[in-house]
$ cat coords.txt   # compact mmCIF, C-alpha atoms
# COMPACT_ATOMS: atom_id res chain seq x y z
CA MET E 1 -25.74 0.03 -26.08
CA SER E 2 -23.25 -2.20 -24.25
CA ALA E 3 -20.10 -4.16 -24.94
CA ALA E 4 -18.17 -7.03 -23.38
CA VAL E 5 -15.08 -5.48 -21.79
CA ARG E 6 -12.09 -7.32 -20.35
CA ILE E 7 -8.82 -5.96 -18.95
CA THR E 8 -5.95 -8.40 -19.36
CA GLY E 9 -2.32 -8.21 -18.21
CA ARG E 10 0.79 -9.32 -20.02
CA PRO E 11 1.01 -13.10 -20.63
CA ASN E 12 1.89 -15.07 -17.45
CA THR E 13 2.71 -11.94 -15.46
CA ASN E 14 1.04 -9.48 -13.15
CA PHE E 15 -0.50 -6.18 -14.25
CA LEU E 16 2.00 -4.38 -12.05
CA VAL E 17 5.52 -4.10 -13.43
CA GLY E 18 8.32 -2.75 -11.22
CA TYR E 19 8.20 -1.94 -7.52
CA PRO E 20 6.13 1.05 -6.29
CA GLY E 21 8.26 3.32 -4.12
CA ILE E 22 11.52 2.44 -5.91
CA SER E 23 12.01 4.92 -8.75
CA ALA E 24 14.75 2.94 -10.53
CA THR E 25 12.23 0.21 -11.42
CA LEU E 26 9.80 2.64 -13.16
CA PRO E 27 6.69 1.13 -11.51
CA ARG E 28 3.84 0.88 -14.01
CA ILE E 29 0.72 -1.05 -14.92
CA GLU E 30 0.72 -2.73 -18.33
CA GLY E 31 -2.12 -4.52 -20.03
CA THR E 32 -4.72 -4.51 -22.78
CA VAL E 33 -8.36 -3.43 -22.86
CA GLU E 34 -10.31 -5.96 -24.94
CA ILE E 35 -13.74 -4.91 -26.28
CA ARG E 36 -16.10 -7.32 -28.03
CA PRO E 37 -19.78 -7.24 -29.10
CA ASP E 38 -22.08 -8.07 -26.21
CA LYS E 39 -25.43 -8.65 -27.99
CA GLY E 40 -24.91 -11.04 -30.88
CA VAL E 41 -21.50 -12.16 -32.08
CA THR E 42 -21.54 -10.18 -35.30
CA ALA E 43 -23.37 -7.04 -34.15
CA PRO E 44 -20.79 -4.20 -34.21
CA VAL E 45 -20.38 -1.95 -31.18
CA LYS E 46 -20.87 1.80 -31.73
CA ILE E 47 -17.90 3.33 -29.83
CA SER E 48 -17.08 7.02 -29.47
CA ILE E 49 -14.27 7.10 -26.88
CA VAL E 50 -12.30 4.77 -24.60
CA THR E 51 -10.20 5.94 -21.61
CA ILE E 52 -8.46 4.17 -18.74
CA SER E 53 -7.20 5.45 -15.39
CA LEU E 54 -5.91 4.15 -12.08
CA GLN E 55 -8.04 5.39 -9.19
CA ARG E 56 -7.25 5.35 -5.49
CA ARG E 57 -10.27 4.97 -3.23
CA GLU E 58 -10.00 5.73 0.48
CA SER E 59 -12.42 5.71 3.37
CA ILE E 60 -12.24 6.18 7.14
CA HIS E 61 -14.68 5.54 9.97
CA PRO E 62 -12.74 5.95 13.25
CA HIS E 63 -15.61 4.57 15.36
CA ALA E 64 -16.31 1.48 13.24
CA ASP E 65 -14.61 -0.70 15.89
CA SER E 66 -17.06 0.44 18.60
CA VAL E 67 -20.55 -1.07 18.64
CA THR E 68 -22.03 1.82 20.66
CA LYS E 69 -20.35 4.71 18.83
CA LYS E 70 -20.62 3.27 15.31
CA HIS E 71 -24.20 4.44 14.72
CA LEU E 72 -23.89 7.70 16.64
CA ALA E 73 -20.70 9.00 15.03
CA ALA E 74 -20.39 10.79 11.70
CA PRO E 75 -20.83 8.56 8.61
CA ARG E 76 -17.93 7.00 6.76
CA LYS E 77 -15.78 9.58 4.99
CA GLU E 78 -14.65 8.65 1.48
CA SER E 79 -12.45 10.08 -1.24
CA THR E 80 -11.48 9.09 -4.80
CA GLU E 81 -8.40 10.32 -6.61
CA THR E 82 -6.82 9.56 -9.99
CA VAL E 83 -3.24 8.28 -9.71
CA GLY E 84 -0.97 9.62 -12.41
CA LYS E 85 -2.84 10.59 -15.60
CA GLU E 86 -5.96 9.32 -17.32
CA MET E 87 -5.01 7.71 -20.64
CA LEU E 88 -7.00 8.20 -23.86
CA LEU E 89 -7.00 4.87 -25.72
CA PHE E 90 -9.40 5.60 -28.59
CA ARG E 91 -11.48 8.45 -30.00
CA CYS E 92 -13.66 8.28 -33.10
CA GLN E 93 -12.87 10.44 -36.11
CA ALA E 94 -13.72 14.14 -35.94
CA GLY E 95 -17.22 14.91 -37.14
CA LYS E 96 -18.51 11.43 -36.31
CA ASP E 97 -20.71 10.46 -33.37
CA HIS E 98 -19.27 6.94 -33.22
CA GLU E 99 -17.50 4.20 -35.17
CA ASP E 100 -18.73 0.64 -35.70
CA ILE E 101 -16.27 -1.79 -34.16
CA MET E 102 -16.14 -5.59 -34.34
CA ILE E 103 -13.03 -6.18 -32.24
CA MET E 104 -10.86 -3.75 -30.32
CA ASP E 105 -7.64 -4.55 -28.40
CA LEU E 106 -6.05 -1.43 -26.91
CA PRO E 107 -2.67 -1.82 -25.15
CA PHE E 108 -1.94 0.63 -22.33
CA VAL E 109 0.72 1.51 -19.78
CA ILE E 110 0.07 3.71 -16.74
CA PHE E 111 3.15 4.94 -14.88
CA ILE E 112 2.75 5.10 -11.11
CA PRO E 113 4.26 8.28 -9.59
CA PHE E 114 7.58 7.58 -7.85
CA GLY E 115 8.74 11.07 -6.80
CA ARG E 116 8.26 12.70 -3.42
CA GLY E 117 7.06 15.97 -4.87
CA GLY E 118 6.29 17.73 -1.59
CA GLN E 119 3.00 19.53 -1.98
CA GLU E 120 2.61 18.30 -5.56
CA THR E 121 0.12 15.54 -4.81
CA ALA E 122 0.26 14.19 -8.35
CA ARG E 123 3.94 13.28 -7.91
CA ARG E 124 3.73 11.60 -4.52
CA VAL E 125 4.26 7.86 -4.25
CA PRO E 126 0.78 6.39 -3.71
CA PRO E 127 0.31 4.55 -0.38
CA GLY E 128 0.03 0.76 -0.30
CA SER E 129 -3.33 -1.04 -0.31
CA LEU E 130 -4.42 -1.51 3.29
CA VAL E 131 -7.54 -2.29 5.30
CA LEU E 132 -7.43 -1.93 9.09
CA PRO E 133 -9.56 -4.18 11.35
CA ARG E 134 -13.32 -3.50 11.07
CA ARG E 135 -12.58 -1.19 8.12
CA THR E 136 -11.77 1.79 10.35
CA ALA E 137 -9.53 2.87 7.45
CA GLU E 138 -8.88 1.44 4.01
CA THR E 139 -7.10 2.23 0.76
CA TYR E 140 -7.50 0.30 -2.46
CA TYR E 141 -6.93 0.83 -6.18
CA GLU E 142 -8.98 0.16 -9.29
CA LEU E 143 -8.24 0.24 -13.01
CA VAL E 144 -11.26 2.04 -14.44
CA VAL E 145 -12.18 1.80 -18.14
CA MET E 146 -14.75 4.32 -19.39
CA ILE E 147 -16.37 3.62 -22.77
CA GLY E 148 -18.57 6.20 -24.51
CA PHE E 149 -21.08 4.90 -27.06
CA GLY E 150 -22.96 6.62 -29.85
CA GLY E 151 -25.92 8.56 -28.52
CA GLY E 152 -24.15 9.77 -25.40
CA THR E 153 -24.42 6.61 -23.26
CA GLN E 154 -21.37 5.26 -21.46
CA THR E 155 -20.27 2.30 -19.34
CA ARG E 156 -17.70 1.88 -16.59
CA GLN E 157 -15.62 -1.24 -15.93
CA ALA E 158 -13.43 -1.49 -12.80
CA LEU E 159 -10.74 -4.03 -11.92
CA PRO E 160 -9.14 -4.03 -8.43
CA ILE E 161 -5.33 -3.78 -8.43
CA PRO E 162 -3.55 -4.41 -5.08
CA ILE E 163 -0.46 -2.22 -4.67
CA VAL E 164 2.44 -2.79 -2.24
CA ARG E 165 5.06 -0.18 -1.33
CA TYR E 166 8.66 -1.48 -1.34
CA ASP E 167 10.55 1.54 0.01
CA THR E 168 10.27 0.33 3.64
CA LEU E 169 12.08 -3.01 3.20
CA SER E 170 14.20 -3.75 6.26
CA THR E 171 17.12 -4.82 4.03
CA PHE E 172 17.75 -1.27 2.79
CA GLY E 173 20.88 0.31 4.23
CA MET E 174 19.15 3.44 5.52
CA TYR E 175 17.19 1.31 8.02
CA ASN E 176 20.21 -0.68 9.17
CA ARG E 177 21.97 2.09 11.08
CA PRO E 178 21.60 2.60 14.85
CA GLU E 179 18.95 5.02 16.14
CA SER E 180 19.15 6.43 19.67
CA ASN E 181 17.02 8.60 21.92
CA GLU E 182 17.12 9.74 25.54
CA LYS E 183 15.11 11.60 28.16
CA VAL E 184 15.77 13.03 31.66
CA SER E 185 13.61 12.69 34.80
CA ASP E 186 13.75 15.33 37.58
CA HIS E 187 17.33 16.26 36.55
CA LEU E 188 18.40 13.08 38.37
CA VAL E 189 18.26 10.17 35.92
CA THR E 190 18.69 9.93 32.15
CA LEU E 191 17.08 7.08 30.20
CA GLY E 192 18.69 6.32 26.85
CA ILE E 193 17.80 3.65 24.29
CA GLN E 194 19.49 2.47 21.11
CA LEU E 195 18.09 0.34 18.27
CA PRO E 196 20.57 -1.39 15.93
CA ARG E 197 18.05 -1.02 13.08
CA TRP E 198 14.63 0.56 12.79
CA SER E 199 12.57 -1.28 10.14
CA TYR E 200 10.73 -4.44 11.20
CA GLY E 201 8.26 -6.94 9.77
CA PRO E 202 6.23 -9.84 11.18
CA LEU E 203 8.22 -12.15 13.51
CA ASP E 204 11.37 -10.01 13.17
CA PRO E 205 13.43 -9.81 16.40
CA VAL E 206 13.49 -6.35 18.00
CA SER E 207 16.53 -5.70 20.21
CA VAL E 208 16.83 -2.62 22.45
CA TYR E 209 19.95 -1.48 24.32
CA ILE E 210 18.89 0.46 27.43
CA LYS E 211 20.98 2.60 29.79
CA LEU E 212 19.97 4.51 32.92
CA MET E 213 22.55 7.08 34.00
CA PRO E 214 22.58 9.22 37.18
CA ASN E 215 23.26 12.96 36.94
CA PRO E 216 26.86 13.39 38.21
CA ASP E 217 26.01 16.89 39.50
CA TRP E 218 23.26 15.43 41.73
CA MET E 219 24.90 12.11 42.50
CA HIS E 220 23.91 12.13 46.18
CA LYS E 221 20.19 12.35 45.30
CA ALA E 222 20.44 10.20 42.18
CA LYS E 223 21.85 7.25 44.12
CA LYS E 224 18.68 7.20 46.25
CA VAL E 225 16.49 6.56 43.19
CA THR E 226 15.24 2.97 42.91
CA ILE E 227 14.96 1.30 39.51
CA GLN E 228 11.82 -0.76 39.99
CA LYS E 229 11.23 -2.21 36.50
CA ILE E 230 11.71 -1.49 32.81
CA THR E 231 9.00 -2.00 30.19
CA ILE E 232 9.35 -2.00 26.42
CA SER E 233 6.42 -2.13 24.01
CA ILE E 234 5.51 -1.54 20.37
CA GLU E 235 2.72 0.99 19.89
CA GLN E 236 0.57 1.56 16.82
CA GLU E 237 -1.00 4.97 16.32
CA VAL E 238 -3.60 5.72 13.64
CA ILE E 239 -4.24 9.42 12.92
CA TYR E 240 -7.54 9.90 11.12
CA ASN E 241 -8.06 13.01 8.98
CA HIS E 242 -4.40 13.90 9.62
CA GLU E 243 -4.44 16.82 7.16
CA GLY E 244 -7.78 18.20 8.39
CA ASP E 245 -8.75 20.66 11.11
CA GLU E 246 -9.48 18.06 13.79
CA PRO E 247 -7.17 15.07 13.48
CA GLN E 248 -8.22 12.14 15.66
CA ARG E 249 -5.58 9.85 17.16
CA LYS E 250 -6.14 6.26 18.25
CA GLY E 251 -3.35 4.15 19.71
CA GLN E 252 -2.94 0.57 20.82
CA THR E 253 -0.17 -1.59 22.27
CA LEU E 254 0.75 -4.49 19.98
CA ILE E 255 3.18 -6.28 22.31
CA LYS E 256 4.79 -5.57 25.68
CA LYS E 257 7.68 -7.00 27.69
CA GLN E 258 8.69 -6.17 31.26
CA GLU E 259 11.88 -6.73 33.27
CA VAL E 260 11.85 -6.39 37.07
CA VAL E 261 15.05 -4.75 38.36
CA GLY E 262 14.47 -3.63 41.97
CA ILE E 263 17.86 -2.04 42.75
CA LYS E 264 19.17 1.38 43.75
CA MET E 265 20.73 3.46 41.00
CA PRO E 266 24.43 2.44 40.73
CA GLU E 267 26.96 5.23 40.49
CA SER E 268 28.17 3.84 37.17
CA GLY E 269 24.62 3.56 35.80
CA TYR E 270 22.46 0.61 34.86
CA PHE E 271 22.70 -1.11 31.46
CA THR E 272 20.62 -3.90 29.95
CA ASN E 273 19.46 -5.42 26.69
CA LEU E 274 15.80 -6.25 26.14
CA GLY E 275 14.30 -7.95 23.12
CA LEU E 276 10.95 -9.04 21.78
CA VAL E 277 9.51 -10.49 18.58
CA PHE E 278 7.40 -8.24 16.39
CA PRO E 279 3.85 -9.62 16.47
CA SER E 280 2.47 -11.55 13.52
CA GLU E 281 -1.12 -12.38 12.65
CA ASP E 282 -1.97 -15.87 11.41
CA LYS E 283 -4.69 -15.57 8.77
CA ARG E 284 -5.64 -19.27 9.03
CA ASP E 285 -8.75 -20.40 10.88
CA ALA E 286 -9.00 -23.13 13.55
CA ASN E 287 -8.80 -25.83 10.85
CA GLY E 288 -5.69 -24.32 9.29
CA VAL E 289 -7.58 -23.05 6.24
CA LEU E 290 -6.77 -19.68 4.72
CA PRO E 291 -9.86 -17.56 4.06
CA ARG E 292 -10.72 -16.49 0.52
CA ALA E 293 -8.39 -13.67 -0.48
CA ASN E 294 -9.80 -10.21 -1.07
CA SER E 295 -8.82 -9.10 -4.57
CA ARG E 296 -8.46 -5.49 -3.40
CA PHE E 297 -5.87 -6.14 -0.70
CA PRO E 298 -2.66 -8.20 -0.55
CA SER E 299 -2.55 -10.77 2.24
CA PHE E 300 0.04 -9.90 4.90
CA ALA E 301 0.89 -11.37 8.30
CA VAL E 302 0.42 -7.95 9.93
CA ASN E 303 -2.71 -5.91 10.61
CA GLY E 304 -1.08 -2.69 9.43
CA PHE E 305 2.19 -1.07 8.39
CA THR E 306 3.74 2.38 8.25
CA THR E 307 1.84 4.42 5.68
CA THR E 308 0.56 7.92 4.94
CA ALA E 309 -2.66 8.12 2.94
CA GLY E 310 -4.89 11.08 2.15
CA LEU E 311 -7.39 10.57 4.98
CA TYR E 312 -5.28 8.75 7.57
CA LYS E 313 -1.76 7.95 8.70
CA VAL E 314 -0.40 4.86 10.51
CA GLU E 315 2.73 5.27 12.66
CA TYR E 316 4.64 2.96 15.00
CA TYR E 317 6.82 3.59 18.04
CA LEU E 318 9.05 1.53 20.24
CA SER E 319 8.22 2.74 23.74
CA CYS E 320 10.58 2.23 26.68
CA LYS E 321 9.42 3.11 30.20
CA ALA E 322 11.60 3.12 33.33
CA HIS E 323 9.52 2.79 36.52
CA LEU E 324 11.44 4.64 39.24
CA GLY E 325 11.10 5.13 42.98
CA GLY E 326 12.15 8.58 44.25
CA ALA E 327 11.84 10.19 40.79
CA LYS E 328 9.28 10.47 38.04
CA ASP E 329 8.93 7.57 35.61
CA ILE E 330 10.62 8.17 32.25
CA VAL E 331 9.12 7.22 28.88
CA VAL E 332 11.05 7.33 25.59
CA ASN E 333 9.16 6.86 22.31
CA GLN E 334 11.34 6.05 19.33
CA PRO E 335 9.64 6.05 15.87
CA ILE E 336 10.15 2.83 13.90
CA VAL E 337 9.10 1.69 10.43
CA VAL E 338 6.89 -1.38 10.03
CA CYS E 339 7.19 -3.28 6.75
CA PRO E 340 4.52 -5.77 5.63
CA LEU E 341 7.26 -8.34 4.83
CA ASP E 342 9.61 -10.03 7.30
CA HIS E 343 13.39 -9.72 6.98
CA ALA E 344 13.71 -12.99 5.04
CA GLY E 345 10.98 -11.88 2.63
CA CYS E 346 12.74 -8.53 2.15
CA LYS E 347 16.01 -10.32 1.32
CA ALA E 348 14.21 -12.52 -1.20
CA GLU E 349 12.87 -9.45 -3.02
CA MET E 350 16.23 -7.67 -3.36
CA GLU E 351 17.49 -9.67 -6.35
CA ALA E 352 14.19 -9.24 -8.20
CA ILE E 353 14.25 -5.49 -7.50
CA GLU E 354 17.77 -5.22 -8.95
CA GLN E 355 16.70 -7.15 -12.06
CA SER E 356 13.62 -4.94 -12.43
CA ALA E 357 15.82 -1.84 -12.25
CA ARG E 358 18.05 -3.24 -15.02
CA ASP E 359 14.99 -3.94 -17.18
CA ALA E 360 13.56 -0.46 -16.54
CA ALA E 361 16.77 1.15 -17.81
CA ASN E 362 15.60 0.27 -21.34
CA VAL E 363 12.15 1.86 -20.91
CA ASN E 364 11.47 5.42 -22.00
CA ALA E 365 8.77 6.88 -19.76
CA GLU E 366 7.97 9.56 -22.36
CA ASN E 367 7.50 7.00 -25.14
CA PRO E 368 7.13 3.47 -23.73
CA MET E 369 6.78 1.86 -27.22
CA LEU E 370 3.42 0.14 -26.78
CA PRO E 371 2.27 -2.57 -29.21
CA LEU E 372 -0.08 -1.30 -31.91
CA ALA E 373 -3.79 -1.36 -31.18
CA THR E 374 -5.92 -3.97 -32.96
CA ILE E 375 -9.14 -2.45 -34.32
CA ILE E 376 -11.34 -4.42 -36.74
CA ARG E 377 -14.36 -2.73 -38.36
CA PRO E 378 -17.25 -4.46 -40.16
CA THR E 379 -15.97 -3.10 -43.50
CA ASP E 380 -12.51 -4.68 -43.07
CA THR E 381 -11.54 -7.80 -44.99
CA ASP E 382 -12.28 -11.01 -43.05
CA ALA E 383 -14.07 -9.02 -40.33
CA TYR E 384 -16.46 -11.89 -39.64
CA LYS E 385 -13.56 -14.34 -39.56
CA SER E 386 -12.05 -12.40 -36.64
CA VAL E 387 -15.12 -13.24 -34.51
CA GLY E 388 -15.25 -16.88 -35.64
CA VAL E 389 -18.03 -16.55 -38.24
CA ALA E 390 -18.12 -17.43 -41.93
CA VAL E 391 -20.71 -16.35 -44.50
CA VAL E 392 -21.88 -19.46 -46.41
CA GLY E 393 -24.54 -19.05 -49.08
CA GLY E 394 -25.60 -15.69 -47.69
CA SER E 395 -26.06 -16.98 -44.11
CA LYS E 396 -23.69 -16.80 -41.15
CA ARG E 397 -22.19 -20.03 -39.84
CA PRO E 398 -19.58 -20.85 -37.13
CA LEU E 399 -16.13 -20.80 -38.74
CA ILE E 400 -14.41 -24.19 -38.93
CA GLU E 401 -10.82 -23.97 -40.03
$ encode --input "coords.txt" --output "structure tokens"
Amino acid sequence: MSAAVRITGRPNTNFLVGYPGISATLPRIEGTVEIRPDKGVTAPVKISIVTISLQRRESIHPHADSVTKKHLAAPRKESTETVGKEMLLFRCQAGKDHEDIMIMDLPFVIFIPFGRGGQETARRVPPGSLVLPRRTAETYYELVVMIGFGGGTQTRQALPIPIVRYDTLSTFGMYNRPESNEKVSDHLVTLGIQLPRWSYGPLDPVSVYIKLMPNPDWMHKAKKVTIQKITISIEQEVIYNHEGDEPQRKGQTLIKKQEVVGIKMPESGYFTNLGLVFPSEDKRDANGVLPRANSRFPSFAVNGFTTTAGLYKVEYYLSCKAHLGGAKDIVVNQPIVVCPLDHAGCKAEMEAIEQSARDAANVNAENPMLPLATIIRPTDTDAYKSVGVAVVGGSKRPLIE
């Protein structure tokens, strides 16, 4: 037994309504499961049960980027988890094995968790869809429809749904306040840095205010220290199996900038501003053609962004290193947030987010008021008409209206 199954969204809109990560917009997936006969237009489908769920699928293979280690290391580790709750769309009457169905349209809405429920995994905001280079780590989502037929057989239909998190937009006020950090070397010199904001996207300018101060209690020795050069860089660190017994860390430098100083430490200290542009990846090939999009993952101008999934975690740091003569070098690592959208893209989304929040104020999460399901059985009036067939003289003919 089989049936033709299609999952459709609302007319002229995406499946995803609202903005995942922003609770005021009540992020949810709305659509309809459409079931039709597969073998013969008028042959009814014997259906027992229909359910739908949103599943998150993750996998990691830390050595997938190494040709030599790829085949020697442990195999790819995978996990599958249901996001929110599985939704029961239809169940046949009690005491029956199945019901004969000609046409079935079942509206559904699946609310995406938007609370940070600590250890309550079911309430955590799901991470955004992401695939790292060479698939060392990936997260994607699928809408899965399970249909049970009479006789105990069942079929599974999956539709990929890319999900983006919007709680890291650089336009939010919490990211637009200064962040500072400092470190001391040999009790002689203190390196301090300050960032005016700490969320960045592709091609966003990154400005760093740097100060090197001598220790006034050891001024005689501190003035002998030479400031050779100052380096700033943006580092990406991927932690595989971050909740397991043996987390594995892999880091890389995305961009680096260096300023040669070559002076003795002034008594009043040394101050400078350094800046760089957050790196962006152009997806176009040599002919300027964009490759075919992968339906599981949104297309971004960055290889990765700040995220915490079940099997891995991606973090970013702004690293500042002072190369000194007469004292140990000092390194300060300041955590930053990387957003998949640039600052202009974040600004463009703000008005739509506000409108979505106003629309969500009228939605009751406990009773979202779905449209009624359409279920047509062979015994219903005009059942054949619903599938475009008319009975003429005892034989079935295509319906012409």
$ residues_around --input "coords.txt" --residues "E:Arg135" --least-positions-apart "2" --cutoff "8 Å" --atoms "all atoms listed in the file" --output "MDAnalysis selection string"
chainID E and resid 60:61 64 131:133 137:138
$ atom_distance --input "coords.txt" --atom1 "atom CA of E:Gln252" --atom2 "atom CA of E:Val164"
23.9 Å
$ residues_around --input "coords.txt" --residues "E:Thr80" --least-positions-apart "2" --cutoff "8 Å" --atoms "only C-alpha atoms" --output "PyMOL selection string"
chain E and resi 55-58+78+82
$ residues_around --input "coords.txt" --residues "E:Pro298" --least-positions-apart "5" --cutoff "9 Å" --atoms "all atoms listed in the file" --output "PyMOL selection string"
chain E and resi 129-130+162-164+293
$ closest_residue --input "coords.txt" --among "E:Leu276, E:Met104, E:Ile161, E:Leu324" --to "E:Lys224" --atoms "only C-alpha atoms"
E:Leu324
$ residues_around --input "coords.txt" --residues "stretch 38-50 of chain E" --least-positions-apart "5" --cutoff "10 Å" --atoms "only C-alpha atoms" --output "MDAnalysis selection string"
chainID E and resid 1:5 33 87:93 96:104 106 145:155 376:378 383:389 396
$ write_last_selection --input "coords.txt" --atoms "C-alpha atoms" --output "PDB file, in the frame of the given file"
ATOM      1  CA  MET E   1     -25.740   0.030 -26.080  1.00  0.00           C
ATOM      2  CA  SER E   2     -23.250  -2.200 -24.250  1.00  0.00           C
ATOM      3  CA  ALA E   3     -20.100  -4.160 -24.940  1.00  0.00           C
ATOM      4  CA  ALA E   4     -18.170  -7.030 -23.380  1.00  0.00           C
ATOM      5  CA  VAL E   5     -15.080  -5.480 -21.790  1.00  0.00           C
ATOM      6  CA  VAL E  33      -8.360  -3.430 -22.860  1.00  0.00           C
ATOM      7  CA  MET E  87      -5.010   7.710 -20.640  1.00  0.00           C
ATOM      8  CA  LEU E  88      -7.000   8.200 -23.860  1.00  0.00           C
ATOM      9  CA  LEU E  89      -7.000   4.870 -25.720  1.00  0.00           C
ATOM     10  CA  PHE E  90      -9.400   5.600 -28.590  1.00  0.00           C
ATOM     11  CA  ARG E  91     -11.480   8.450 -30.000  1.00  0.00           C
ATOM     12  CA  CYS E  92     -13.660   8.280 -33.100  1.00  0.00           C
ATOM     13  CA  GLN E  93     -12.870  10.440 -36.110  1.00  0.00           C
ATOM     14  CA  LYS E  96     -18.510  11.430 -36.310  1.00  0.00           C
ATOM     15  CA  ASP E  97     -20.710  10.460 -33.370  1.00  0.00           C
ATOM     16  CA  HIS E  98     -19.270   6.940 -33.220  1.00  0.00           C
ATOM     17  CA  GLU E  99     -17.500   4.200 -35.170  1.00  0.00           C
ATOM     18  CA  ASP E 100     -18.730   0.640 -35.700  1.00  0.00           C
ATOM     19  CA  ILE E 101     -16.270  -1.790 -34.160  1.00  0.00           C
ATOM     20  CA  MET E 102     -16.140  -5.590 -34.340  1.00  0.00           C
ATOM     21  CA  ILE E 103     -13.030  -6.180 -32.240  1.00  0.00           C
ATOM     22  CA  MET E 104     -10.860  -3.750 -30.320  1.00  0.00           C
ATOM     23  CA  LEU E 106      -6.050  -1.430 -26.910  1.00  0.00           C
ATOM     24  CA  VAL E 145     -12.180   1.800 -18.140  1.00  0.00           C
ATOM     25  CA  MET E 146     -14.750   4.320 -19.390  1.00  0.00           C
ATOM     26  CA  ILE E 147     -16.370   3.620 -22.770  1.00  0.00           C
ATOM     27  CA  GLY E 148     -18.570   6.200 -24.510  1.00  0.00           C
ATOM     28  CA  PHE E 149     -21.080   4.900 -27.060  1.00  0.00           C
ATOM     29  CA  GLY E 150     -22.960   6.620 -29.850  1.00  0.00           C
ATOM     30  CA  GLY E 151     -25.920   8.560 -28.520  1.00  0.00           C
ATOM     31  CA  GLY E 152     -24.150   9.770 -25.400  1.00  0.00           C
ATOM     32  CA  THR E 153     -24.420   6.610 -23.260  1.00  0.00           C
ATOM     33  CA  GLN E 154     -21.370   5.260 -21.460  1.00  0.00           C
ATOM     34  CA  THR E 155     -20.270   2.300 -19.340  1.00  0.00           C
ATOM     35  CA  ILE E 376     -11.340  -4.420 -36.740  1.00  0.00           C
ATOM     36  CA  ARG E 377     -14.360  -2.730 -38.360  1.00  0.00           C
ATOM     37  CA  PRO E 378     -17.250  -4.460 -40.160  1.00  0.00           C
ATOM     38  CA  ALA E 383     -14.070  -9.020 -40.330  1.00  0.00           C
ATOM     39  CA  TYR E 384     -16.460 -11.890 -39.640  1.00  0.00           C
ATOM     40  CA  LYS E 385     -13.560 -14.340 -39.560  1.00  0.00           C
ATOM     41  CA  SER E 386     -12.050 -12.400 -36.640  1.00  0.00           C
ATOM     42  CA  VAL E 387     -15.120 -13.240 -34.510  1.00  0.00           C
ATOM     43  CA  GLY E 388     -15.250 -16.880 -35.640  1.00  0.00           C
ATOM     44  CA  VAL E 389     -18.030 -16.550 -38.240  1.00  0.00           C
ATOM     45  CA  LYS E 396     -23.690 -16.800 -41.150  1.00  0.00           C
TER      46      LYS E 396
END
$ build_atoms --input "coords.txt" --residues "stretch 323-335 of chain E" --atoms "N, CA and C atoms" --output "PDB file, in the coordinates of the input"
ATOM      1  N   HIS E 323      10.316   2.537  35.318  1.00  0.00           N
ATOM      2  CA  HIS E 323       9.520   2.790  36.520  1.00  0.00           C
ATOM      3  C   HIS E 323      10.497   3.042  37.682  1.00  0.00           C
ATOM      4  N   LEU E 324      10.462   4.244  38.242  1.00  0.00           N
ATOM      5  CA  LEU E 324      11.440   4.640  39.240  1.00  0.00           C
ATOM      6  C   LEU E 324      10.770   4.938  40.579  1.00  0.00           C
ATOM      7  N   GLY E 325      11.517   4.715  41.646  1.00  0.00           N
ATOM      8  CA  GLY E 325      11.100   5.130  42.980  1.00  0.00           C
ATOM      9  C   GLY E 325      11.975   6.295  43.422  1.00  0.00           C
ATOM     10  N   GLY E 326      11.376   7.404  43.860  1.00  0.00           N
ATOM     11  CA  GLY E 326      12.150   8.580  44.250  1.00  0.00           C
ATOM     12  C   GLY E 326      12.351   9.561  43.109  1.00  0.00           C
ATOM     13  N   ALA E 327      11.794   9.269  41.952  1.00  0.00           N
ATOM     14  CA  ALA E 327      11.840  10.190  40.790  1.00  0.00           C
ATOM     15  C   ALA E 327      10.694   9.817  39.866  1.00  0.00           C
ATOM     16  N   LYS E 328      10.365  10.745  38.980  1.00  0.00           N
ATOM     17  CA  LYS E 328       9.280  10.470  38.040  1.00  0.00           C
ATOM     18  C   LYS E 328       9.678   9.378  37.054  1.00  0.00           C
ATOM     19  N   ASP E 329       8.682   8.577  36.646  1.00  0.00           N
ATOM     20  CA  ASP E 329       8.930   7.570  35.610  1.00  0.00           C
ATOM     21  C   ASP E 329       9.337   8.271  34.309  1.00  0.00           C
ATOM     22  N   ILE E 330      10.171   7.601  33.527  1.00  0.00           N
ATOM     23  CA  ILE E 330      10.620   8.170  32.250  1.00  0.00           C
ATOM     24  C   ILE E 330      10.107   7.293  31.110  1.00  0.00           C
ATOM     25  N   VAL E 331       9.582   7.935  30.075  1.00  0.00           N
ATOM     26  CA  VAL E 331       9.120   7.220  28.880  1.00  0.00           C
ATOM     27  C   VAL E 331       9.825   7.804  27.656  1.00  0.00           C
ATOM     28  N   VAL E 332      10.418   6.917  26.846  1.00  0.00           N
ATOM     29  CA  VAL E 332      11.050   7.330  25.590  1.00  0.00           C
ATOM     30  C   VAL E 332      10.314   6.631  24.458  1.00  0.00           C
ATOM     31  N   ASN E 333       9.828   7.414  23.483  1.00  0.00           N
ATOM     32  CA  ASN E 333       9.160   6.860  22.310  1.00  0.00           C
ATOM     33  C   ASN E 333      10.037   7.072  21.085  1.00  0.00           C
ATOM     34  N   GLN E 334      10.482   5.976  20.502  1.00  0.00           N
ATOM     35  CA  GLN E 334      11.340   6.050  19.330  1.00  0.00           C
ATOM     36  C   GLN E 334      10.558   5.594  18.087  1.00  0.00           C
ATOM     37  N   PRO E 335      10.368   6.477  17.085  1.00  0.00           N
ATOM     38  CA  PRO E 335       9.640   6.050  15.870  1.00  0.00           C
ATOM     39  C   PRO E 335      10.372   4.911  15.170  1.00  0.00           C
TER      40      PRO E 335
END
